[in-house]
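Working notes, structure below.
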Amino acid sequence: MHPDIPNYNRLLEPHLAAVCDLLTNEIDAALHHARSQIWHRHPVWFLNDNPTVGYNKQKAGIRLMFWSGADFEEPALNVLGGKFKDASIFYNNAEEIAALDLRRWLAKSMQIQWNYRDIVRKKGLLEKFPA
């Protein structure tokens, strides 16, 4: 894990830091081969240089976002908009996190990916990530 991620978590209120610490541990365990970093001011994990999962603090709580989550077919993940394929869920306490759901979503994040890595080069065209 990138060393800036624990630093990000420590700057949050204790109950939100606990959410982020749990998410960090679960994401790192499931995506142990992913590269992580602070990207656009929040923690993000990349597979093949493609943003896959990340979280950030918003007014509603900690938003866990899967860049390709709209295709996971998971009712607990909120899909907004239509141009991009992201889906997310908000947490305010670590006890709200259903570990089995999170692990299932993380497994799907490795299998289902849209190509955000090349979206600029493709002039905004979002395509399935090459297998």
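Chain labels follow the order of the structure tokens: the first chain is A, the next B, and so on; residue numbering restarts at 1 in every chain, and ligands are counted from 1 in their shown order.
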Spatial neighbours of segment 36-46 of chain A, max dist 6 Å, only C-alpha atoms, sep filter under 5 positions, as a PyMOL selection string
chain A and resi 1-2+5+51-56
Secondary structure check, strand (DSSP E) residues of chain A, as an MDAnalysis selection string:
chainID A and resid 35:39 42:47 50:58 61:66 87:91
Excluding Val79 of chain A and its own-chain neighbours fewer than 6 positions away, which residues fall within 9 Å of it when counting only C-alpha atoms? Please give them as a list in words.
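Residues near the query, excluding close chain neighbours: Gly69, Ala70, Lys85, Asp86, Ala87 and Ser88 of chain A.
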Go ahead and save the picked residues with C-alpha atoms, as a PDB file, in the first residue's frame.
```pdb
ATOM      1  CA  GLY A  69     -19.329  -0.885 -10.610  1.00  0.00           C
ATOM      2  CA  ALA A  70     -22.419  -0.145 -12.712  1.00  0.00           C
ATOM      3  CA  LYS A  85     -19.779   3.133 -15.400  1.00  0.00           C
ATOM      4  CA  ASP A  86     -19.080   3.929 -11.739  1.00  0.00           C
ATOM      5  CA  ALA A  87     -21.116   2.856  -8.742  1.00  0.00           C
ATOM      6  CA  SER A  88     -20.673   3.647  -5.076  1.00  0.00           C
TER       7      SER A  88
END
```
Can you list, as a count of residues only, every protein, DNA or RNA residue that comes within 9 Å of Ala30 of chain A when you count only C-alpha atoms, leaving out same-chain residues fewer than 4 positions away?
5
Here is a test: counting only C-alpha atoms, which residue of A:Leu11, A:Leu47, A:Ala34, A:Ala17 is nearest to Trp114 of chain A?
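Checking each candidate against Trp114 of chain A, we get A:Leu47 as the closest.
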Please report, as a PyMOL selection string, each residue of segment 2-127 of chain A to which DSSP assigns alpha helix (DSSP H) when run on this structure's backbone.
chain A and resi 4-10+14-30+99-111
So that I have them on file, write out the residues from the current selection with C-alpha atoms, as a PDB file, in the first residue's frame.
```pdb
ATOM      1  CA  ASP A   4       0.203   8.278   1.872  1.00  0.00           C
ATOM      2  CA  ILE A   5      -2.992   6.239   2.266  1.00  0.00           C
ATOM      3  CA  PRO A   6      -2.664   5.674   6.049  1.00  0.00           C
ATOM      4  CA  ASN A   7      -1.802   9.373   6.329  1.00  0.00           C
ATOM      5  CA  TYR A   8      -5.025  10.248   4.477  1.00  0.00           C
ATOM      6  CA  ASN A   9      -7.002   8.045   6.871  1.00  0.00           C
ATOM      7  CA  ARG A  10      -5.387   9.545   9.981  1.00  0.00           C
ATOM      8  CA  PRO A  14     -11.931   8.772  14.255  1.00  0.00           C
ATOM      9  CA  HIS A  15     -15.161   7.035  13.169  1.00  0.00           C
ATOM     10  CA  LEU A  16     -14.439   7.827   9.492  1.00  0.00           C
ATOM     11  CA  ALA A  17     -10.785   6.834   9.842  1.00  0.00           C
ATOM     12  CA  ALA A  18     -11.992   3.451  11.123  1.00  0.00           C
ATOM     13  CA  VAL A  19     -14.124   3.063   7.982  1.00  0.00           C
ATOM     14  CA  CYS A  20     -11.159   3.933   5.772  1.00  0.00           C
ATOM     15  CA  ASP A  21      -8.758   1.665   7.651  1.00  0.00           C
ATOM     16  CA  LEU A  22     -11.137  -1.270   7.197  1.00  0.00           C
ATOM     17  CA  LEU A  23     -11.648  -0.472   3.508  1.00  0.00           C
ATOM     18  CA  THR A  24      -7.890  -0.121   2.995  1.00  0.00           C
ATOM     19  CA  ASN A  25      -7.187  -3.490   4.587  1.00  0.00           C
ATOM     20  CA  GLU A  26      -9.894  -5.276   2.583  1.00  0.00           C
ATOM     21  CA  ILE A  27      -8.903  -3.643  -0.709  1.00  0.00           C
ATOM     22  CA  ASP A  28      -5.214  -4.384  -0.171  1.00  0.00           C
ATOM     23  CA  ALA A  29      -5.972  -8.017   0.679  1.00  0.00           C
ATOM     24  CA  ALA A  30      -8.163  -8.553  -2.375  1.00  0.00           C
ATOM     25  CA  ALA A  99     -17.407  -7.766   4.568  1.00  0.00           C
ATOM     26  CA  LEU A 100     -18.866 -10.474   2.306  1.00  0.00           C
ATOM     27  CA  ASP A 101     -20.457  -7.872   0.024  1.00  0.00           C
ATOM     28  CA  LEU A 102     -17.255  -5.843  -0.102  1.00  0.00           C
ATOM     29  CA  ARG A 103     -15.169  -8.904  -0.948  1.00  0.00           C
ATOM     30  CA  ARG A 104     -17.619  -9.907  -3.695  1.00  0.00           C
ATOM     31  CA  TRP A 105     -17.460  -6.394  -5.193  1.00  0.00           C
ATOM     32  CA  LEU A 106     -13.668  -6.425  -5.055  1.00  0.00           C
ATOM     33  CA  ALA A 107     -13.606  -9.776  -6.869  1.00  0.00           C
ATOM     34  CA  LYS A 108     -15.910  -8.346  -9.533  1.00  0.00           C
ATOM     35  CA  SER A 109     -13.678  -5.270  -9.853  1.00  0.00           C
ATOM     36  CA  MET A 110     -10.882  -7.521 -11.095  1.00  0.00           C
ATOM     37  CA  GLN A 111     -13.120  -9.173 -13.707  1.00  0.00           C
TER      38      GLN A 111
END
```
Would you work out the distance separating atom CA of Asn115 of chain A from atom CA of Phe84 of chain A, expressed in Å to one decimal?
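Computed distance, atom CA of Asn115 of chain A to atom CA of Phe84 of chain A, equals 10.3 Å.
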So what do you get for atom CA of Ile112 of chain A versus atom CA of Asn48 of chain A, distance-wise?
12.9 Å
